[in-house]
Amino acid sequence: MANSYKISIKEKLGYALGDGAANIAWRGVATFLFIFYTDVFGIAPAAVGILMFVSRLSDGISDVLMGVAGDRTNTKYGKFRPWILFTAIPLGVILSLLFTAPNLGSTGKIIYAYTTYILFTLIYTANNIPYGALMAVMTGDDKERTSIGSYRMVGAFAGGMLVQGALLFLVAHFGNINPTISVNELASDKFQVMVSAPSDVENVNIKTKDGIANFIWEDNKTATDTPTTGKSFSMEANKSYSFIVSGEKDLNKDKIVIIDQKSGYSYSIYLMSAFLALFMFITFWSTKERIQPPKEQKSNLRRDLKDLITNKPWIVLLTIGLLFSIYNSIKQGIVVIYFTHYLHNQILAASFMVALMIASIAGAMITAPLSKKLGKKKLFIYAFLFSGIVNASIIFCGPNDISAIFILGIVSEFAAAIFPTLFFAMLGDAADYSEFKNSRRATGLIYSAGSFATKFGGGIAGAIIGFILAAFHYNGQDYSAIQGAIPGITMLMSWVPAIIAILGAIFMTIYPLNQDKMNEITLELANRRVTE
């Protein structure tokens with residue numbers, strides 16, 4: 001019976017591609033949407049924070065409904081796999097719309113952002129909850145489930161590495177307008193920069209590669225034009241635009257960057273969305289559902305909900321999922337802003353995120369053997385504390401401490417990768433516990449509430465980032481406002497998420513399922529299934 005629970009490498013890899021696809025969407029949104037909304041689409045950071053928080057309030061209802069729907073789906077393909085198939089293309093489409101910036105007024109932008117963001121969360125829910133629940137019905141062996149979880153997280157981090165590592169380079173590629181640039185030196189650190197483009201460009205951003213110099217229009221006819229590290233404007237074909245640029249020495253045309261960020265982000269995400277849909281199709285065709293609810297189980301939503309709220313392991317995991325999601329989402333959401341405005345090197349953020357993804361893959365791969373040695377509970381606590389303390393140390397790094405920032409970020413991320421790898425495997429344990437205790441199984445419902453915790457945590461993280469930056473008067477298009485917000489940016493990159501990690505470690509101490517209890521549950525459920 002035990003061998004029937006073993007899953008082939010091929011199926012594990014196919015399952016892993018599904019989270020690779022999901023993380024093209026999830027990490028793309030977590031990492032780039034905030035800066036896209038503020039610096040490209042022109043929405044105030046506090047408004048973005050409120051948007052991300054408010055939009056997640058509906059997740060509790062939609063996630064539970066999706067879990068209930070998944071448990072009650074019965075097709076020749078299973079309960080959960082059909083949802084992965086049917087939502088693959090819609091998820092790619094809504095992700096593309098999320099990073100599309102139509103020409104609208106301030107109110108229109110807010111309406112468009114709320115509409116597309118809410119639709120994204122709903123479609124992501126319809127895709128990701130069945131995907132997560134699928135892992136729990138692929139096998140009844142909790143150790144094998146942890147192994148699948150490790151593969152899943154390798155796929156997740158590989159998808160994250162794809163979007164985080166490649167996107168900024170793709171933005172530069174797709175945003176290239178083939179400009180003509182001339183630079184005339186006026187003083188040692190003051191230059192006249194003239195630019196033109198061969199065709200009309202609706203929205204471009206000009207800055208230097210180092211992002212230090214200040215730009216001001218040479219023909220300054222308005223008193224509101226203040227020096228900023230970049231200027232956003234529209235260009236008419238073959239028309240010359242002139243700036244006075246100061247603050248950097250030895251400036252030449254090769255150090256001037258002009259990118260149509262609007263088109264750059266949009267076309268880059270369109271390409272990523274195509275890969276997302278392809279990976280989801282592969283996951284559907286390569287996986288199989290093996291664990292079914294007990295044959296005598298009748299559909300009873302009230303009973304399922306009662307079992308859920310009396311499931312102590314699940315209640316603890318719900319809170320833990322919320323906390324580790326806030327922790328990870330703050331870390332991800334501030335990276336590009338931190339590298340752009342504190343280290344003055346946005347492209348370096350791509351290298352940093354690739355390094356973190358490699359560390360995450362290593363962390364996911366080491367999770368299964370470590371959990372066998374320590375148990376899931378102890379490993380979760382140790383990883384939380386270690387990752388948080390290391391991450392808090394980034395506060396001591398200055399703008400020139402690049403190596404130290406990379407090292408601390410990589411070490412912290414290695415431990416942080418253990419959180420989701422264990423969490424989704426442990427939700428399967430909670431489903432087993434419910435079946436063991438109540439002789440009923442509602443896998444989709446258990447995963448739906450767990451998914452809500454992680455997604456709502458992302459919304460809280462977005463609100464935390466938005467409110468802290470707003471408290472420091474951050475404005476991504478205003479140089480002086482950016483400099484005033486540096487303390488807020490550095491604290492978000494370091495000790496603010498560390499506080500969340502310490503809270504998570506403390507709360508995890510009350511989790512009731514140790515490895516001995518899980519061995520008992522797995523053996524008992526295997527014996528029950530043999531007799532059915």
# chains A, B, ... in the order shown; residues from 1 in each chain; ligands from 1

$ residues_around --residues "Ser494 in chain A" --least-positions-apart "3" --cutoff "12 Å" --atoms "only C-alpha atoms" --output "ChimeraX atom specification"
/A:327-328,330-332,334-335,338,387-397,405,408-409,412,487-491,497-501

$ residues_around --residues "Leu445 in chain A" --least-positions-apart "4" --cutoff "7 Å" --atoms "only C-alpha atoms" --output "PyMOL selection string"
chain A and resi 64+67-68+449

$ write_last_selection --atoms "all heavy atoms" --output "PDB file, in the first residue's frame"
ATOM      1  N   VAL A  64     -13.032  30.596   0.198  1.00  0.00           N
ATOM      2  CA  VAL A  64     -13.851  29.534   0.775  1.00  0.00           C
ATOM      3  C   VAL A  64     -14.818  28.976  -0.267  1.00  0.00           C
ATOM      4  O   VAL A  64     -14.986  27.756  -0.389  1.00  0.00           O
ATOM      5  CB  VAL A  64     -14.609  30.044   2.013  1.00  0.00           C
ATOM      6  CG1 VAL A  64     -15.646  29.012   2.466  1.00  0.00           C
ATOM      7  CG2 VAL A  64     -13.635  30.340   3.149  1.00  0.00           C
ATOM      8  N   GLY A  67     -12.899  26.730  -2.508  1.00  0.00           N
ATOM      9  CA  GLY A  67     -12.607  25.458  -1.861  1.00  0.00           C
ATOM     10  C   GLY A  67     -13.815  24.543  -1.839  1.00  0.00           C
ATOM     11  O   GLY A  67     -13.708  23.338  -2.114  1.00  0.00           O
ATOM     12  N   VAL A  68     -14.973  25.120  -1.529  1.00  0.00           N
ATOM     13  CA  VAL A  68     -16.216  24.342  -1.529  1.00  0.00           C
ATOM     14  C   VAL A  68     -16.520  23.819  -2.923  1.00  0.00           C
ATOM     15  O   VAL A  68     -16.889  22.645  -3.110  1.00  0.00           O
ATOM     16  CB  VAL A  68     -17.382  25.206  -1.000  1.00  0.00           C
ATOM     17  CG1 VAL A  68     -18.716  24.499  -1.208  1.00  0.00           C
ATOM     18  CG2 VAL A  68     -17.173  25.540   0.470  1.00  0.00           C
ATOM     19  N   ALA A 449      -8.850  28.208   2.782  1.00  0.00           N
ATOM     20  CA  ALA A 449      -8.618  29.103   3.905  1.00  0.00           C
ATOM     21  C   ALA A 449      -7.135  29.383   4.080  1.00  0.00           C
ATOM     22  O   ALA A 449      -6.744  30.501   4.426  1.00  0.00           O
ATOM     23  CB  ALA A 449      -9.209  28.495   5.171  1.00  0.00           C
TER      24      ALA A 449
END

$ closest_residue --among "A:Leu186, A:Ala274, A:Ile464, A:Ile381" --to "Ile326 in chain A" --atoms "only C-alpha atoms"
A:Ile464

$ residues_around --residues "Ile244 in chain A" --least-positions-apart "2" --cutoff "10 Å" --atoms "only C-alpha atoms" --output "list in words"
Val183, Asn184, Glu185, Leu186, Lys190, Phe191, Gln192, Val193, Met194, Ala213, Asn214, Phe215, Ile216, Trp217, Glu218, Asp219, Asn220, Pro227, Ser242 and Ser246 of chain A

$ select_by_dssp --residues "range 89-304 of chain A" --states "alpha helix (DSSP H)" --output "MDAnalysis selection string"
chainID A and resid 89:98 106:138 142:174 261:286 301:304

$ residues_around --residues "Leu168 in chain A" --least-positions-apart "4" --cutoff "8 Å" --atoms "only C-alpha atoms" --output "number ranges by chain"
A: 164, 172, 347, 350

$ atom_distance --atom1 "CA of Asn176 in chain A" --atom2 "CA of Asp260 in chain A"
6.5 Å

$ closest_residue --among "A:Leu323, A:Ile309, A:Leu122, A:Ile148" --to "Lys6 in chain A" --atoms "only C-alpha atoms"
A:Ile148

$ closest_residue --among "A:Arg152, A:Arg145, A:Arg290, A:Lys109" --to "Ala44 in chain A" --atoms "only C-alpha atoms"
A:Lys109
